[in-house]
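Student: File query.cif follows (mmCIF, C-alpha atoms and all ligand atoms):
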```cif
data_start
loop_
_atom_site.label_atom_id
_atom_site.label_comp_id
_atom_site.auth_asym_id
_atom_site.auth_seq_id
_atom_site.Cartn_x
_atom_site.Cartn_y
_atom_site.Cartn_z
CA MET J 1076 14.36 -41.04 -108.04
CA SER J 1077 18.04 -40.46 -108.77
CA SER J 1078 19.41 -37.39 -107.05
CA HIS J 1079 20.59 -35.61 -110.18
CA SER J 1080 17.13 -35.90 -111.75
CA THR J 1081 15.41 -34.03 -108.92
CA ASP J 1082 14.38 -30.56 -110.05
CA VAL J 1083 15.00 -27.95 -107.39
CA SER J 1084 13.76 -24.38 -106.96
CA VAL J 1085 15.85 -21.90 -105.01
CA LEU J 1086 14.14 -18.86 -103.47
CA GLY J 1087 16.60 -16.11 -102.61
CA LEU J 1088 19.77 -15.38 -104.52
CA GLY J 1089 21.92 -13.64 -102.00
CA ALA J 1090 25.49 -14.85 -101.58
CA MET J 1091 24.33 -18.14 -100.08
CA GLY J 1092 21.39 -18.72 -102.42
CA ARG J 1093 23.66 -18.24 -105.45
CA ALA J 1094 26.17 -20.74 -104.00
CA LEU J 1095 23.41 -23.30 -103.38
CA ALA J 1096 21.93 -22.86 -106.86
CA GLY J 1097 25.37 -22.99 -108.51
CA THR J 1098 26.26 -26.21 -106.68
CA LEU J 1099 23.01 -27.86 -107.80
CA LEU J 1100 23.61 -26.77 -111.40
CA ASP J 1101 27.15 -28.18 -111.27
CA ALA J 1102 25.65 -31.49 -110.15
CA GLY J 1103 23.30 -31.58 -113.13
CA HIS J 1104 19.99 -30.57 -111.55
CA THR J 1105 17.40 -28.47 -113.30
CA VAL J 1106 17.29 -25.41 -111.06
CA THR J 1107 14.61 -22.72 -111.11
CA VAL J 1108 15.48 -19.55 -109.26
CA TRP J 1109 13.70 -16.48 -107.92
CA ASN J 1110 14.94 -13.39 -106.14
CA ARG J 1111 12.93 -10.44 -104.84
CA THR J 1112 15.18 -7.89 -106.50
CA PRO J 1113 15.47 -8.58 -110.22
CA GLY J 1114 18.92 -8.96 -111.74
CA ARG J 1115 20.55 -10.94 -108.93
CA ASP J 1116 19.85 -14.15 -110.87
CA ALA J 1117 22.16 -13.21 -113.78
CA GLU J 1118 25.16 -15.18 -112.50
CA VAL J 1119 23.26 -18.47 -112.09
CA VAL J 1120 21.06 -17.99 -115.16
CA ALA J 1121 24.26 -17.60 -117.18
CA VAL J 1122 25.25 -21.13 -116.13
CA GLY J 1123 21.89 -22.74 -116.76
CA ALA J 1124 19.35 -21.80 -114.07
CA VAL J 1125 15.79 -21.07 -115.15
CA ALA J 1126 14.60 -17.64 -114.03
CA ALA J 1127 11.09 -17.48 -112.55
CA ALA J 1128 9.08 -14.27 -112.53
CA GLY J 1129 7.76 -14.81 -109.01
CA ALA J 1130 8.17 -16.94 -105.90
CA GLY J 1131 4.97 -18.80 -106.78
CA SER J 1132 6.06 -19.77 -110.30
CA ALA J 1133 9.48 -20.77 -108.97
CA ALA J 1134 7.88 -23.00 -106.33
CA ALA J 1135 5.54 -24.55 -108.88
CA ALA J 1136 8.48 -25.70 -111.02
CA SER J 1137 9.98 -28.30 -108.65
CA PRO J 1138 9.02 -30.89 -106.04
CA LEU J 1139 11.79 -29.56 -103.78
CA VAL J 1140 11.96 -25.88 -102.88
CA VAL J 1141 14.96 -24.45 -101.04
CA ALA J 1142 14.53 -21.06 -99.36
CA CYS J 1143 17.62 -19.09 -98.40
CA LEU J 1144 16.48 -15.60 -97.50
CA LEU J 1145 17.50 -12.98 -95.00
CA ASP J 1146 15.38 -13.76 -91.95
CA HIS J 1147 12.08 -15.07 -90.61
CA THR J 1148 10.06 -12.12 -91.94
CA SER J 1149 11.43 -12.55 -95.46
CA VAL J 1150 10.58 -16.26 -95.34
CA THR J 1151 7.01 -15.72 -94.11
CA ASP J 1152 6.48 -12.96 -96.74
CA THR J 1153 7.77 -15.26 -99.49
CA PHE J 1154 5.92 -18.39 -98.33
CA THR J 1155 2.69 -16.42 -98.00
CA ALA J 1156 3.04 -15.09 -101.54
CA ALA J 1157 3.78 -18.59 -102.88
CA ALA J 1158 1.38 -20.55 -100.64
CA ASP J 1159 -0.79 -21.98 -103.44
CA SER J 1160 2.20 -23.25 -105.41
CA LEU J 1161 3.95 -24.66 -102.36
CA ARG J 1162 1.01 -26.93 -101.50
CA GLY J 1163 2.07 -30.61 -101.70
CA ARG J 1164 5.76 -29.78 -102.10
CA THR J 1165 8.73 -30.11 -99.80
CA VAL J 1166 10.28 -26.89 -98.57
CA VAL J 1167 13.72 -26.75 -97.03
CA ASN J 1168 14.34 -23.53 -95.12
CA LEU J 1169 18.05 -22.73 -95.02
CA THR J 1170 17.50 -19.18 -93.79
CA SER J 1171 18.89 -18.49 -90.31
CA THR J 1172 15.78 -18.44 -88.14
CA THR J 1173 15.51 -18.97 -84.39
CA PRO J 1174 14.21 -22.34 -83.15
CA GLU J 1175 10.83 -20.78 -82.33
CA GLU J 1176 10.68 -19.12 -85.76
CA SER J 1177 11.48 -22.45 -87.42
CA ARG J 1178 8.68 -24.12 -85.42
CA ASP J 1179 6.38 -21.29 -86.49
CA LEU J 1180 7.29 -21.95 -90.14
CA ALA J 1181 6.61 -25.67 -89.62
CA ARG J 1182 3.15 -24.85 -88.22
CA TRP J 1183 2.51 -22.58 -91.23
CA ALA J 1184 3.61 -25.40 -93.54
CA GLU J 1185 1.32 -27.90 -91.86
CA ARG J 1186 -1.66 -25.56 -92.25
CA HIS J 1187 -0.85 -25.15 -95.96
CA ASP J 1188 -0.18 -28.81 -96.74
CA VAL J 1189 3.54 -28.25 -97.25
CA VAL J 1190 6.20 -30.72 -96.07
CA PHE J 1191 8.74 -28.75 -94.04
CA LEU J 1192 12.38 -29.36 -93.26
CA ASP J 1193 14.48 -26.74 -91.52
CA GLY J 1194 18.22 -26.48 -91.96
CA GLY J 1195 21.22 -24.71 -90.51
CA ILE J 1196 24.21 -24.09 -92.75
CA MET J 1197 27.52 -24.45 -90.95
CA ALA J 1198 29.49 -23.06 -93.88
CA THR J 1199 30.19 -19.88 -95.80
CA PRO J 1200 29.08 -19.54 -99.45
CA GLU J 1201 32.59 -20.46 -100.74
CA MET J 1202 32.48 -23.72 -98.75
CA ILE J 1203 29.18 -24.96 -100.21
CA GLY J 1204 29.68 -28.25 -102.06
CA ARG J 1205 33.10 -28.80 -100.48
CA PRO J 1206 33.86 -31.58 -97.95
CA GLU J 1207 34.21 -29.13 -95.05
CA SER J 1208 30.67 -27.82 -95.55
CA ARG J 1209 28.21 -29.21 -93.00
CA LEU J 1210 24.46 -28.72 -92.75
CA LEU J 1211 22.11 -29.64 -89.91
CA TYR J 1212 18.46 -30.53 -90.53
CA SER J 1213 15.34 -31.14 -88.47
CA GLY J 1214 11.64 -31.52 -89.15
CA ALA J 1215 10.01 -33.98 -91.53
CA ALA J 1216 12.13 -37.16 -91.39
CA GLY J 1217 10.60 -38.55 -94.58
CA ALA J 1218 11.59 -35.44 -96.52
CA PHE J 1219 15.16 -35.67 -95.26
CA ASP J 1220 15.36 -39.33 -96.31
CA GLU J 1221 13.78 -38.68 -99.71
CA PHE J 1222 15.89 -35.66 -100.64
CA ARG J 1223 19.08 -36.46 -98.76
CA PRO J 1224 21.06 -37.17 -101.96
CA VAL J 1225 20.19 -33.65 -103.16
CA LEU J 1226 20.94 -32.05 -99.79
CA GLU J 1227 24.31 -33.81 -99.69
CA ARG J 1228 25.28 -31.72 -102.71
CA PHE J 1229 25.58 -28.72 -100.35
CA GLY J 1230 27.74 -30.53 -97.80
CA THR J 1231 27.66 -33.29 -95.21
CA SER J 1232 24.07 -33.44 -94.05
CA GLU J 1233 22.98 -34.50 -90.59
CA TYR J 1234 19.40 -35.03 -89.41
CA LEU J 1235 18.81 -34.08 -85.76
CA GLY J 1236 15.17 -34.99 -85.16
CA GLU J 1237 11.49 -34.28 -85.81
CA ASP J 1238 11.38 -31.05 -83.77
CA PRO J 1239 11.71 -28.43 -86.54
CA GLY J 1240 13.53 -26.09 -84.12
CA LEU J 1241 16.43 -28.46 -83.45
CA ALA J 1242 18.61 -27.58 -86.44
CA ALA J 1243 18.30 -23.86 -85.64
CA LEU J 1244 19.07 -24.50 -81.96
CA TRP J 1245 22.31 -26.34 -82.82
CA ASP J 1246 23.14 -23.81 -85.52
CA PHE J 1247 22.82 -20.89 -83.10
CA ALA J 1248 24.61 -22.78 -80.30
CA LEU J 1249 27.60 -23.29 -82.59
CA LEU J 1250 27.41 -19.68 -83.78
CA ALA J 1251 27.29 -18.47 -80.16
CA ALA J 1252 30.51 -20.41 -79.47
CA MET J 1253 32.07 -18.92 -82.59
CA TYR J 1254 31.07 -15.31 -81.87
CA GLY J 1255 32.22 -15.52 -78.24
CA THR J 1256 35.55 -17.03 -79.26
CA PHE J 1257 36.15 -14.52 -82.06
CA ALA J 1258 35.28 -11.57 -79.80
CA ALA J 1259 37.84 -12.87 -77.31
CA VAL J 1260 40.42 -13.30 -80.08
CA PHE J 1261 39.90 -9.65 -81.08
CA HIS J 1262 40.25 -8.62 -77.45
CA GLY J 1263 43.63 -10.35 -77.22
CA MET J 1264 44.65 -8.90 -80.57
CA ALA J 1265 43.75 -5.42 -79.35
CA MET J 1266 45.86 -5.92 -76.23
CA VAL J 1267 49.05 -6.85 -78.09
CA THR J 1268 48.68 -4.16 -80.73
CA THR J 1269 48.82 -1.52 -77.96
CA ALA J 1270 52.48 -2.58 -77.55
CA GLY J 1271 53.21 -2.23 -81.26
CA ALA J 1272 52.65 -5.83 -82.39
CA SER J 1273 50.87 -6.27 -85.69
CA PRO J 1274 47.50 -8.08 -85.67
CA ASP J 1275 49.12 -10.79 -87.80
CA ALA J 1276 51.74 -11.45 -85.15
CA PHE J 1277 48.98 -12.55 -82.76
CA VAL J 1278 47.67 -15.21 -85.15
CA PRO J 1279 50.12 -18.13 -84.72
CA ARG J 1280 50.20 -17.81 -80.95
CA VAL J 1281 46.45 -17.48 -80.45
CA THR J 1282 45.61 -20.34 -82.82
CA GLU J 1283 48.13 -22.65 -81.15
CA TRP J 1284 46.95 -21.65 -77.68
CA LEU J 1285 43.24 -22.02 -78.43
CA GLY J 1286 43.89 -25.36 -80.15
CA ALA J 1287 45.61 -26.65 -77.01
CA MET J 1288 42.91 -25.27 -74.71
CA LEU J 1289 40.01 -26.58 -76.80
CA SER J 1290 41.33 -30.10 -76.27
CA SER J 1291 40.10 -29.78 -72.66
CA VAL J 1292 36.45 -29.22 -73.70
CA PRO J 1293 35.56 -32.94 -73.28
CA TYR J 1294 36.93 -32.82 -69.71
CA HIS J 1295 34.78 -29.75 -68.91
CA ALA J 1296 31.75 -31.34 -70.55
CA GLY J 1297 32.28 -34.36 -68.28
CA GLN J 1298 32.20 -32.11 -65.22
CA VAL J 1299 29.01 -30.45 -66.46
CA THR J 1300 27.41 -33.84 -67.14
CA GLU J 1301 28.27 -35.14 -63.67
CA GLY J 1302 27.55 -31.77 -62.04
CA HIS J 1303 30.37 -32.15 -59.49
CA TYR J 1304 32.79 -29.32 -60.52
CA ARG J 1305 35.42 -30.48 -58.03
CA THR J 1306 38.97 -29.39 -58.80
CA GLU J 1307 42.41 -29.59 -57.24
CA VAL J 1308 43.79 -26.84 -59.49
CA GLN J 1309 42.64 -23.53 -60.89
CA SER J 1310 39.49 -23.01 -58.85
CA LEU J 1311 37.09 -20.14 -59.53
CA ASP J 1312 38.91 -18.14 -56.80
CA PHE J 1313 42.13 -18.61 -58.81
CA ASN J 1314 40.32 -17.72 -62.06
CA LYS J 1315 38.78 -14.64 -60.44
CA ALA J 1316 42.24 -13.30 -59.65
CA ALA J 1317 43.32 -13.97 -63.27
CA VAL J 1318 40.23 -12.42 -64.87
CA ASP J 1319 40.39 -9.38 -62.55
CA ALA J 1320 44.05 -8.92 -63.54
CA ILE J 1321 43.25 -9.26 -67.25
CA THR J 1322 40.55 -6.60 -66.81
CA ARG J 1323 43.03 -4.24 -65.12
CA ALA J 1324 45.66 -4.94 -67.79
CA SER J 1325 43.13 -4.19 -70.52
CA ARG J 1326 42.10 -0.96 -68.82
CA ASP J 1327 45.78 0.02 -68.40
CA ALA J 1328 46.31 -0.66 -72.11
CA GLY J 1329 43.42 1.68 -72.86
CA ILE J 1330 41.20 -0.86 -74.59
CA ASP J 1331 37.55 -1.68 -74.06
CA THR J 1332 36.89 -4.31 -71.37
CA ALA J 1333 33.44 -5.48 -72.53
CA VAL J 1334 34.59 -8.94 -73.57
CA VAL J 1335 36.41 -9.78 -70.33
CA GLU J 1336 33.63 -8.17 -68.26
CA VAL J 1337 31.26 -10.86 -69.50
CA VAL J 1338 33.55 -13.57 -68.12
CA ARG J 1339 34.19 -11.55 -64.98
CA ARG J 1340 30.47 -11.23 -64.21
CA LEU J 1341 29.95 -14.98 -64.56
CA VAL J 1342 32.94 -15.79 -62.34
CA ASP J 1343 31.93 -13.19 -59.74
CA ARG J 1344 28.40 -14.56 -59.57
CA GLU J 1345 29.66 -18.05 -58.78
CA VAL J 1346 32.25 -16.83 -56.27
CA ALA J 1347 29.58 -14.69 -54.54
CA ALA J 1348 27.38 -17.78 -54.34
CA GLY J 1349 30.12 -19.54 -52.35
CA ASN J 1350 31.47 -21.65 -55.20
CA GLY J 1351 34.99 -20.18 -55.31
CA ALA J 1352 36.61 -23.56 -54.60
CA LEU J 1353 34.91 -25.18 -57.60
CA ALA J 1354 36.18 -25.45 -61.19
CA PHE J 1355 35.78 -22.76 -63.88
CA SER J 1356 33.25 -24.98 -65.69
CA ARG J 1357 30.83 -24.22 -62.83
CA ILE J 1358 29.96 -20.96 -64.71
CA TYR J 1359 27.90 -23.24 -66.96
CA GLU J 1360 25.33 -23.37 -64.11
CA SER J 1361 25.07 -19.55 -64.05
CA ILE J 1362 24.48 -19.53 -67.79
CA ARG J 1363 22.09 -22.49 -67.83
CA ARG J 1364 19.98 -21.27 -64.90
CA PRO J 1365 20.30 -17.46 -64.78
N1 LIG T 1 26.56 -15.88 -95.96
C1 LIG T 1 26.97 -16.66 -94.95
O1 LIG T 1 28.15 -16.87 -94.75
C2 LIG T 1 25.98 -17.30 -93.99
C3 LIG T 1 26.35 -18.72 -93.64
C4 LIG T 1 25.39 -19.39 -92.73
C5 LIG T 1 23.95 -19.19 -93.17
N2 LIG T 1 23.69 -17.80 -93.47
C6 LIG T 1 22.29 -17.46 -93.63
O2 LIG T 1 21.80 -17.66 -94.96
C7 LIG T 1 20.79 -16.69 -95.22
C8 LIG T 1 21.11 -15.95 -96.50
O3 LIG T 1 22.38 -15.41 -96.38
P1 LIG T 1 23.06 -14.64 -97.59
O4 LIG T 1 24.51 -14.62 -97.32
O5 LIG T 1 22.61 -15.18 -98.87
O6 LIG T 1 22.44 -13.18 -97.35
P2 LIG T 1 22.28 -11.97 -98.43
O7 LIG T 1 23.37 -12.03 -99.43
O8 LIG T 1 22.13 -10.75 -97.61
O9 LIG T 1 20.90 -12.31 -99.16
C9 LIG T 1 19.64 -12.18 -98.51
C10 LIG T 1 18.56 -12.65 -99.44
O10 LIG T 1 17.27 -12.47 -98.81
C11 LIG T 1 16.44 -11.74 -99.72
N3 LIG T 1 15.45 -10.99 -98.99
C12 LIG T 1 15.64 -10.11 -97.98
N4 LIG T 1 14.47 -9.65 -97.53
C13 LIG T 1 13.49 -10.22 -98.29
C14 LIG T 1 12.08 -10.16 -98.30
N5 LIG T 1 11.42 -9.39 -97.41
N6 LIG T 1 11.41 -10.91 -99.19
C15 LIG T 1 12.08 -11.69 -100.09
N7 LIG T 1 13.44 -11.80 -100.14
C16 LIG T 1 14.13 -11.08 -99.23
C17 LIG T 1 17.39 -10.87 -100.48
O11 LIG T 1 16.74 -10.44 -101.64
P3 LIG T 1 17.09 -9.00 -102.33
O12 LIG T 1 17.48 -8.05 -101.20
O13 LIG T 1 18.19 -9.25 -103.28
O14 LIG T 1 15.82 -8.59 -102.95
C18 LIG T 1 18.54 -11.85 -100.76
O15 LIG T 1 18.21 -12.72 -101.80
C19 LIG T 1 20.70 -15.76 -94.02
O16 LIG T 1 19.66 -16.14 -93.17
C20 LIG T 1 22.03 -15.99 -93.34
O17 LIG T 1 22.00 -15.75 -91.94
C21 LIG T 1 24.56 -17.24 -94.50
#
```
As structure tokens, please, write out the structure in this file.
Ligand code: FVH

Tutor:
Amino acid sequence: MSSHSTDVSVLGLGAMGRALAGTLLDAGHTVTVWNRTPGRDAEVVAVGAVAAAGAGSAAAASPLVVACLLDHTSVTDTFTAAADSLRGRTVVNLTSTTPEESRDLARWAERHDVVFLDGGIMATPEMIGRPESRLLYSGAAGAFDEFRPVLERFGTSEYLGEDPGLAALWDFALLAAMYGTFAAVFHGMAMVTTAGASPDAFVPRVTEWLGAMLSSVPYHAGQVTEGHYRTEVQSLDFNKAAVDAITRASRDAGIDTAVVEVVRRLVDREVAAGNGALAFSRIYESIRRP
């Protein structure tokens, strides 16, 4: 089967569903679309998508069904309504669901004779179809192999394994890193704006600084892998002094300390456990085994 001849149905036409459907249309696929609230299909129907009256008739139109809905509940509601039509088809769930929710969907699919692949989109709607868009998949290996040329339309596609929860686990792990980093960026931005700097002025310095610091992630990962955490410089005792001072400076500046308190709690826990001479990466152990 050539990839552009694969018909695809897209369930859910939020910002991401519309981007997925539009990318498939651009690539020459016949795309059938459905959205719970009528009218949200206008943009993609105007460029060639076929509007279906229900999730079931949308699913019945194609061998490959892509679901991009709000959350686990919206997926189970939609799959339940379309169960008869989904039978024998391949469903790719691109909705953000937790690993356990993705495994639950895979069990539902198995009971209903549906081939299930779960996916995590590491991209925003504007990035879909561009080289920087990356998607992670797990679940039915055969489905990934069969439909990979279609999935590559959305972005670089990587298969992580048969466990249907794996893509969601990696997706959320990367999102956790992003949210934590962004919260910290806003903390720093809030600090400098108390002295009259504009938020924009913080940007070049913080991006350069984080870029330099992120280059040490492989070194930290090596310490975690070996589990030794020895260091000659910048022990947790040293870091405790720094994080305590940052907390005081933030308080003095009159800003919220929630972001630094998270780091402070992790450092304090390790220091209290007698690990003050070890490296900062030792906080991994507090996170991994709470
Ligand atoms: N947008 C992004 O940047 C991120 C990138 C990473 C992946 N996420 C996830 O993708 C899912 C969809 O995101 P979205 O941006 O398309 O979200 P919305 O624009 O809010 O559209 C939500 C669609 O879900 C439909 N929906 C909600 N509840 C139900 C339900 N109970 N039954 C059926 N459909 C439902 C909603 O329909 P309607 O409100 O128009 O009727 C939209 O089509 C999401 O998991 C992100 O985390 C996007």

Student: Hey, which of J:Arg1164, J:Arg1111, J:Arg1178, J:Lys1315 ends up closest to Cys1143 in chain J? Count only C-alpha atoms.

Tutor: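 Residue with the minimum atom-to-atom distance to Cys1143 in chain J: J:Arg1111.
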
Student: Counting only C-alpha atoms and all ligand atoms, what are the residues, protein, DNA or RNA alike, that approach ligand LIG 1 (chain T) to within 7 Å? I want them as an NGL selection string.

Tutor: :J and (1087-1092 or 1110-1112 or 1115 or 1143-1146 or 1148-1150 or 1152-1153 or 1169-1172 or 1195-1200)

Student: Just checking: using only C-alpha atoms, which residue out of J:Val1166, J:Leu1100, J:Ala1124, J:Leu1311 ends up closest to Glu1345 in chain J?

Tutor: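 Result for the nearest residue to Glu1345 in chain J: J:Leu1311.
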
Student: Kindly give the distance, in Å, that separates CA of Val1318 in chain J and CA of Thr1300 in chain J, rounded to a single decimal.

Tutor: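 So the answer is 25.1 Å.
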
Student: Axis-aligned box over every listed atom of range 1127-1140 of chain J, padded by 6 Å per side: centre and edges in Å to one decimal, as JSON?

Tutor:
```
{"center_x": 8.5, "center_y": -22.6, "center_z": -107.7, "size_x": 19.0, "size_y": 28.6, "size_z": 21.7}
```

Student: Go through J:Asn1168, J:Thr1173, J:Asn1350, J:Thr1081 and flag the residue nearest Arg1223 in chain J, using all atoms listed in the file for the distances.

Tutor: J:Thr1081

Student: Looking at J:Thr1151, J:Val1120, J:Gly1103, J:Leu1289, which one is nearest to Ala1252 in chain J, with distances taken over only C-alpha atoms?

Tutor: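 For Ala1252 in chain J, the nearest of the candidates is J:Leu1289.
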
Student: CA of Glu1237 in chain J to CA of Pro1293 in chain J: how many Å, to one decimal?

Tutor: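 We find that CA of Glu1237 in chain J and CA of Pro1293 in chain J lie 27.2 Å from each other.
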
Student: Do you have the CA of Gly1302 in chain J-CA of Arg1357 in chain J distance handy?

Tutor: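 Here the two named atoms are 8.3 Å from each other.
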
Student: Counting only C-alpha atoms, figure out which residue out of J:Ser1232, J:Ile1203, J:Trp1284, J:Pro1174 gets nearest to Trp1245 in chain J.

Tutor: J:Pro1174

Student: Between J:Leu1341, J:Leu1099, J:Thr1155, J:Leu1180, which is the closest to Glu1227 in chain J once you count only C-alpha atoms?

Tutor: J:Leu1099

Student: Could you name the residues that touch Val1085 in chain J at 10 Å or less, counting all atoms listed in the file, but leaving out those on the same chain fewer than 5 positions away, as a PDB file with C-alpha atoms, in the frame of the given file?

Tutor:
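The resulting file, part_38.pdb, is shown below:
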```
ATOM      1  CA  GLY J1092      21.390 -18.720-102.420  1.00  0.00           C
ATOM      2  CA  ARG J1093      23.660 -18.240-105.450  1.00  0.00           C
ATOM      3  CA  LEU J1095      23.410 -23.300-103.380  1.00  0.00           C
ATOM      4  CA  ALA J1096      21.930 -22.860-106.860  1.00  0.00           C
ATOM      5  CA  LEU J1099      23.010 -27.860-107.800  1.00  0.00           C
ATOM      6  CA  VAL J1106      17.290 -25.410-111.060  1.00  0.00           C
ATOM      7  CA  THR J1107      14.610 -22.720-111.110  1.00  0.00           C
ATOM      8  CA  VAL J1108      15.480 -19.550-109.260  1.00  0.00           C
ATOM      9  CA  TRP J1109      13.700 -16.480-107.920  1.00  0.00           C
ATOM     10  CA  ASN J1110      14.940 -13.390-106.140  1.00  0.00           C
ATOM     11  CA  ALA J1124      19.350 -21.800-114.070  1.00  0.00           C
ATOM     12  CA  ALA J1127      11.090 -17.480-112.550  1.00  0.00           C
ATOM     13  CA  ALA J1130       8.170 -16.940-105.900  1.00  0.00           C
ATOM     14  CA  ALA J1133       9.480 -20.770-108.970  1.00  0.00           C
ATOM     15  CA  ALA J1134       7.880 -23.000-106.330  1.00  0.00           C
ATOM     16  CA  SER J1137       9.980 -28.300-108.650  1.00  0.00           C
ATOM     17  CA  LEU J1139      11.790 -29.560-103.780  1.00  0.00           C
ATOM     18  CA  VAL J1140      11.960 -25.880-102.880  1.00  0.00           C
ATOM     19  CA  VAL J1141      14.960 -24.450-101.040  1.00  0.00           C
ATOM     20  CA  ALA J1142      14.530 -21.060 -99.360  1.00  0.00           C
ATOM     21  CA  CYS J1143      17.620 -19.090 -98.400  1.00  0.00           C
ATOM     22  CA  LEU J1144      16.480 -15.600 -97.500  1.00  0.00           C
ATOM     23  CA  VAL J1166      10.280 -26.890 -98.570  1.00  0.00           C
ATOM     24  CA  VAL J1167      13.720 -26.750 -97.030  1.00  0.00           C
TER      25      VAL J1167
END
```

Student: List the neighbours of Leu1241 in chain J out to 9 Å using only C-alpha atoms; skip same-chain residues closer than 2 positions along the sequence, and give me the result as JSON, numbers by chain.

Tutor: {"J": [1174, 1177, 1193, 1194, 1211, 1212, 1213, 1214, 1235, 1236, 1237, 1238, 1239, 1243, 1244, 1245, 1246]}

Student: Around the point (0.6, -29.3, -94.3) (coordinates from the file), which residues reach within 10 Å if we count all atoms listed in the file? Answer as a ChimeraX atom specification.

Tutor: /J:1161-1165,1181-1191

Student: Would you save the residues of that selection, restricted to C-alpha atoms, as a compact mmCIF listing (two decimals), in the frame of the given file?

Tutor:
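Saved as part_39.txt:
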```txt
# COMPACT_ATOMS: atom_id res chain seq x y z
CA LEU J 1161 3.95 -24.66 -102.36
CA ARG J 1162 1.01 -26.93 -101.50
CA GLY J 1163 2.07 -30.61 -101.70
CA ARG J 1164 5.76 -29.78 -102.10
CA THR J 1165 8.73 -30.11 -99.80
CA ALA J 1181 6.61 -25.67 -89.62
CA ARG J 1182 3.15 -24.85 -88.22
CA TRP J 1183 2.51 -22.58 -91.23
CA ALA J 1184 3.61 -25.40 -93.54
CA GLU J 1185 1.32 -27.90 -91.86
CA ARG J 1186 -1.66 -25.56 -92.25
CA HIS J 1187 -0.85 -25.15 -95.96
CA ASP J 1188 -0.18 -28.81 -96.74
CA VAL J 1189 3.54 -28.25 -97.25
CA VAL J 1190 6.20 -30.72 -96.07
CA PHE J 1191 8.74 -28.75 -94.04
```
